[in-house]
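Shown here: data-v4.cif, mmCIF, C-alpha atoms.
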data_coords
#
loop_
_atom_site.label_atom_id
_atom_site.label_comp_id
_atom_site.auth_asym_id
_atom_site.auth_seq_id
_atom_site.Cartn_x
_atom_site.Cartn_y
_atom_site.Cartn_z
CA MET A 19 -12.06 -18.78 5.09
CA SER A 20 -15.61 -17.57 4.50
CA ASN A 21 -16.33 -15.12 1.68
CA TYR A 22 -17.42 -12.47 4.18
CA LYS A 23 -14.18 -12.80 6.16
CA LEU A 24 -12.13 -12.81 2.95
CA ILE A 25 -13.77 -9.61 1.70
CA GLY A 26 -13.24 -7.91 5.05
CA ARG A 27 -9.60 -8.92 5.46
CA THR A 28 -8.60 -8.08 1.91
CA LEU A 29 -10.36 -4.71 2.17
CA LEU A 30 -8.44 -3.99 5.38
CA HIS A 31 -5.16 -4.84 3.66
CA ALA A 32 -6.02 -2.55 0.72
CA LEU A 33 -7.06 0.25 3.10
CA GLY A 34 -3.75 -0.24 4.91
CA VAL A 35 -1.95 0.34 1.60
CA LEU A 36 -4.06 3.45 1.01
CA ALA A 37 -3.32 4.80 4.50
CA TYR A 38 0.41 4.13 4.20
CA THR A 39 0.50 5.69 0.74
CA ALA A 40 -1.26 8.81 2.06
CA PHE A 41 1.31 8.96 4.88
CA ALA A 42 4.23 8.63 2.44
CA VAL A 43 2.82 11.33 0.14
CA THR A 44 2.41 13.64 3.14
CA ILE A 45 6.08 13.12 4.06
CA ILE A 46 7.22 13.67 0.46
CA SER A 47 5.04 16.76 0.07
CA SER A 48 6.51 18.21 3.25
CA GLY A 49 10.08 17.50 2.18
CA GLU A 50 11.29 21.09 2.05
CA THR A 51 9.76 21.86 5.44
CA LEU A 52 11.22 18.71 6.98
CA PHE A 53 14.68 18.86 5.45
CA GLY A 54 15.12 22.59 4.83
CA ASP A 55 17.96 23.81 2.66
CA GLY A 56 20.54 21.38 4.05
CA PRO A 57 22.83 19.25 1.93
CA ALA A 58 20.89 17.52 -0.84
CA VAL A 59 22.49 14.17 -0.06
CA TRP A 60 20.48 13.73 3.16
CA GLY A 61 17.24 14.53 1.40
CA GLY A 62 18.13 11.91 -1.22
CA VAL A 63 19.01 9.36 1.44
CA ALA A 64 15.77 10.05 3.30
CA PHE A 65 13.76 9.73 0.08
CA LEU A 66 15.36 6.40 -0.82
CA MET A 67 14.89 5.08 2.72
CA LEU A 68 11.23 6.05 2.55
CA PHE A 69 11.01 4.25 -0.81
CA VAL A 70 12.54 1.07 0.64
CA LEU A 71 10.29 1.25 3.70
CA SER A 72 7.26 1.80 1.46
CA ALA A 73 8.11 -1.20 -0.72
CA THR A 74 8.47 -3.35 2.38
CA VAL A 75 5.24 -2.21 4.06
CA VAL A 76 3.14 -2.43 0.91
CA GLY A 77 4.75 -5.76 -0.02
CA LEU A 78 3.82 -7.18 3.36
CA LEU A 79 0.26 -5.84 3.17
CA VAL A 80 -0.32 -7.21 -0.33
CA LEU A 81 1.79 -10.40 -0.36
CA GLY A 82 2.31 -11.38 3.29
CA LYS A 83 -0.91 -13.32 3.92
CA PRO A 84 -1.05 -14.94 0.46
CA VAL A 85 2.53 -16.19 0.82
CA ALA A 86 1.77 -17.55 4.31
CA LEU A 87 -1.32 -19.33 2.96
CA PHE A 88 0.65 -20.71 0.00
CA ILE A 89 3.42 -22.06 2.24
CA THR A 90 0.91 -23.87 4.44
CA GLY A 91 -0.56 -25.58 1.37
CA GLU A 92 -3.66 -23.43 1.00
CA ARG A 93 -2.84 -22.51 -2.59
CA LYS A 94 -6.37 -21.74 -3.79
CA GLU A 95 -7.00 -19.49 -0.78
CA ALA A 96 -3.66 -17.74 -1.37
CA VAL A 97 -4.50 -16.90 -4.97
CA THR A 98 -8.01 -15.81 -4.01
CA PHE A 99 -6.69 -13.58 -1.20
CA LEU A 100 -4.14 -11.96 -3.51
CA ALA A 101 -6.66 -11.44 -6.31
CA ALA A 102 -9.20 -9.91 -3.92
CA THR A 103 -6.60 -7.56 -2.44
CA VAL A 104 -5.52 -6.44 -5.92
CA ALA A 105 -9.18 -5.96 -6.89
CA TRP A 106 -9.73 -3.72 -3.83
CA LEU A 107 -6.58 -1.77 -4.73
CA ALA A 108 -7.96 -1.24 -8.25
CA ILE A 109 -11.30 -0.07 -6.84
CA LEU A 110 -9.60 2.32 -4.40
CA THR A 111 -7.33 3.64 -7.16
CA ALA A 112 -10.33 4.26 -9.42
CA ALA A 113 -12.10 6.04 -6.56
CA MET A 114 -9.07 8.28 -5.90
CA LEU A 115 -8.83 9.12 -9.61
CA ALA A 116 -12.56 9.88 -9.77
CA ILE A 117 -12.29 12.17 -6.74
CA ARG A 118 -9.28 13.91 -8.27
CA LEU A 119 -11.02 14.39 -11.61
CA ALA A 120 -14.14 15.70 -9.87
CA MET A 121 -12.01 18.31 -8.09
CA ALA A 122 -10.37 19.50 -11.34
#
Conversion result in C-alpha coordinates:
Amino acid sequence: MSNYKLIGRTLLHALGVLAYTAFAVTIISSGETLFGDGPAVWGGVAFLMLFVLSATVVGLLVLGKPVALFITGERKEAVTFLAATVAWLAILTAAMLAIRLAMA
(Lines of atoms letter the chains of each structure in order from A and count residues from 1; the text may use other names and numbers.)
(Lines give C-alpha, C1' and ligand atoms only; values in the text may rest on other atoms or scores of the structure.)
Protein backbone atom coordinates (compact mmCIF):
# COMPACT_ATOMS: atom_id res chain seq x y z
CA MET A 1 0.00 0.00 0.00
CA SER A 2 1.43 3.38 -0.97
CA ASN A 3 2.06 6.00 1.72
CA TYR A 4 -0.53 8.31 0.17
CA LYS A 5 -3.19 5.58 0.22
CA LEU A 6 -2.22 4.58 3.77
CA ILE A 7 -2.55 8.16 5.03
CA GLY A 8 -5.92 8.57 3.33
CA ARG A 9 -7.40 5.29 4.54
CA THR A 10 -6.21 5.67 8.12
CA LEU A 11 -7.50 9.25 8.21
CA LEU A 12 -10.90 8.01 6.99
CA HIS A 13 -10.97 5.38 9.73
CA ALA A 14 -10.10 7.99 12.37
CA LEU A 15 -12.73 10.39 11.00
CA GLY A 16 -15.22 7.52 11.16
CA VAL A 17 -14.42 7.13 14.85
CA LEU A 18 -14.87 10.89 15.33
CA ALA A 19 -18.21 10.87 13.51
CA TYR A 20 -19.51 7.86 15.45
CA THR A 21 -18.34 9.38 18.73
CA ALA A 22 -20.15 12.63 17.92
CA PHE A 23 -23.28 10.60 17.13
CA ALA A 24 -23.04 8.67 20.42
CA VAL A 25 -22.53 11.88 22.43
CA THR A 26 -25.58 13.41 20.73
CA ILE A 27 -27.68 10.39 21.75
CA ILE A 28 -26.35 10.47 25.33
CA SER A 29 -26.87 14.23 25.61
CA SER A 30 -30.46 13.83 24.44
CA GLY A 31 -31.16 11.01 26.88
CA GLU A 32 -33.85 12.75 28.90
CA THR A 33 -35.64 13.90 25.75
CA LEU A 34 -35.44 10.44 24.19
CA PHE A 35 -36.33 8.37 27.24
CA GLY A 36 -38.41 10.80 29.29
CA ASP A 37 -39.22 10.01 32.89
CA GLY A 38 -39.92 6.32 32.29
CA PRO A 39 -38.48 3.51 34.35
CA ALA A 40 -34.74 3.98 34.86
CA VAL A 41 -34.02 0.38 33.89
CA TRP A 42 -34.74 1.02 30.19
CA GLY A 43 -32.50 4.06 30.14
CA GLY A 44 -29.75 1.93 31.69
CA VAL A 45 -30.30 -0.85 29.17
CA ALA A 46 -30.24 1.63 26.30
CA PHE A 47 -27.04 3.21 27.61
CA LEU A 48 -25.28 -0.14 27.95
CA MET A 49 -26.45 -1.24 24.49
CA LEU A 50 -25.08 2.00 23.06
CA PHE A 51 -21.81 1.32 24.90
CA VAL A 52 -21.56 -2.20 23.43
CA LEU A 53 -22.43 -0.93 19.95
CA SER A 54 -19.85 1.85 20.30
CA ALA A 55 -17.12 -0.58 21.35
CA THR A 56 -17.94 -2.78 18.37
CA VAL A 57 -18.04 0.03 15.79
CA VAL A 58 -14.89 1.75 17.05
CA GLY A 59 -13.12 -1.61 17.41
CA LEU A 60 -13.89 -2.43 13.80
CA LEU A 61 -12.79 0.99 12.58
CA VAL A 62 -9.51 0.88 14.48
CA LEU A 63 -8.63 -2.83 14.46
CA GLY A 64 -10.57 -4.38 11.55
CA LYS A 65 -8.17 -3.63 8.68
CA PRO A 66 -4.98 -4.22 10.71
CA VAL A 67 -6.25 -7.63 11.84
CA ALA A 68 -7.21 -8.54 8.26
CA LEU A 69 -3.75 -7.51 7.05
CA PHE A 70 -2.07 -9.45 9.87
CA ILE A 71 -4.05 -12.62 9.10
CA THR A 72 -3.06 -12.47 5.43
CA GLY A 73 0.61 -12.28 6.42
CA GLU A 74 1.11 -8.55 5.87
CA ARG A 75 2.37 -7.98 9.40
CA LYS A 76 4.42 -4.85 8.77
CA GLU A 77 1.53 -3.21 6.92
CA ALA A 78 -0.85 -4.18 9.75
CA VAL A 79 1.30 -2.53 12.39
CA THR A 80 1.83 0.54 10.21
CA PHE A 81 -1.93 0.85 9.54
CA LEU A 82 -2.75 0.55 13.23
CA ALA A 83 -0.06 3.03 14.27
CA ALA A 84 -1.18 5.55 11.65
CA THR A 85 -4.82 5.24 12.71
CA VAL A 86 -3.89 5.76 16.36
CA ALA A 87 -1.73 8.74 15.38
CA TRP A 88 -4.70 10.31 13.54
CA LEU A 89 -6.90 9.66 16.57
CA ALA A 90 -4.34 11.45 18.76
CA ILE A 91 -4.24 14.40 16.35
CA LEU A 92 -8.04 14.61 16.22
CA THR A 93 -8.27 14.36 20.01
CA ALA A 94 -5.73 17.16 20.42
CA ALA A 95 -7.68 19.27 17.92
CA MET A 96 -10.96 18.69 19.80
CA LEU A 97 -9.30 19.62 23.10
CA ALA A 98 -7.77 22.75 21.55
CA ILE A 99 -11.17 23.79 20.17
CA ARG A 100 -12.78 23.17 23.55
CA LEU A 101 -10.12 25.15 25.39
CA ALA A 102 -10.42 28.00 22.90
CA MET A 103 -14.16 28.16 23.57
CA ALA A 104 -13.70 28.31 27.37
* **Contacts of Phe99 (chain A) within 7 Å, all atoms listed in the file, excl. fewer than 4 positions in-chain, as a VMD selection string** => chain A and resid 24 28 84 95 103
* Pick out the residues sitting within 10 Å of Leu100 (chain A), and hand them over as a PyMOL selection string; count only C-alpha atoms, and ignore anything fewer than 6 positions along from it in its own chain. => chain A and resi 28+80-85+106
* **Who sits within 8 Å of region 36-38 of chain A, all atoms listed in the file, same chain under 3 positions skipped, as a ChimeraX atom specification** => /A:32-33,41-42,72,75-76,110
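Of the residues listed (A:Thr51, A:Ile45, A:Ala108, A:Leu79), A:Ile45 shows the shortest atom-to-atom separation from Ala64 (chain A); distances use only C-alpha atoms.
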* Quote the spacing between CA of Gly34 (chain A) and CA of Leu107 (chain A) in Å to one decimal place. => 10.2 Å
* Structure fact -> One decimal place gives the CA of Arg118 (chain A)-CA of Met67 (chain A) separation as 28.0 Å
Listed atoms of region 25-40 of chain A boxed axis-aligned with 4 Å per side, centre + edges as JSON:
{"center_x": -6.6, "center_y": -0.4, "center_z": 3.1, "size_x": 22.3, "size_y": 26.4, "size_z": 12.7}
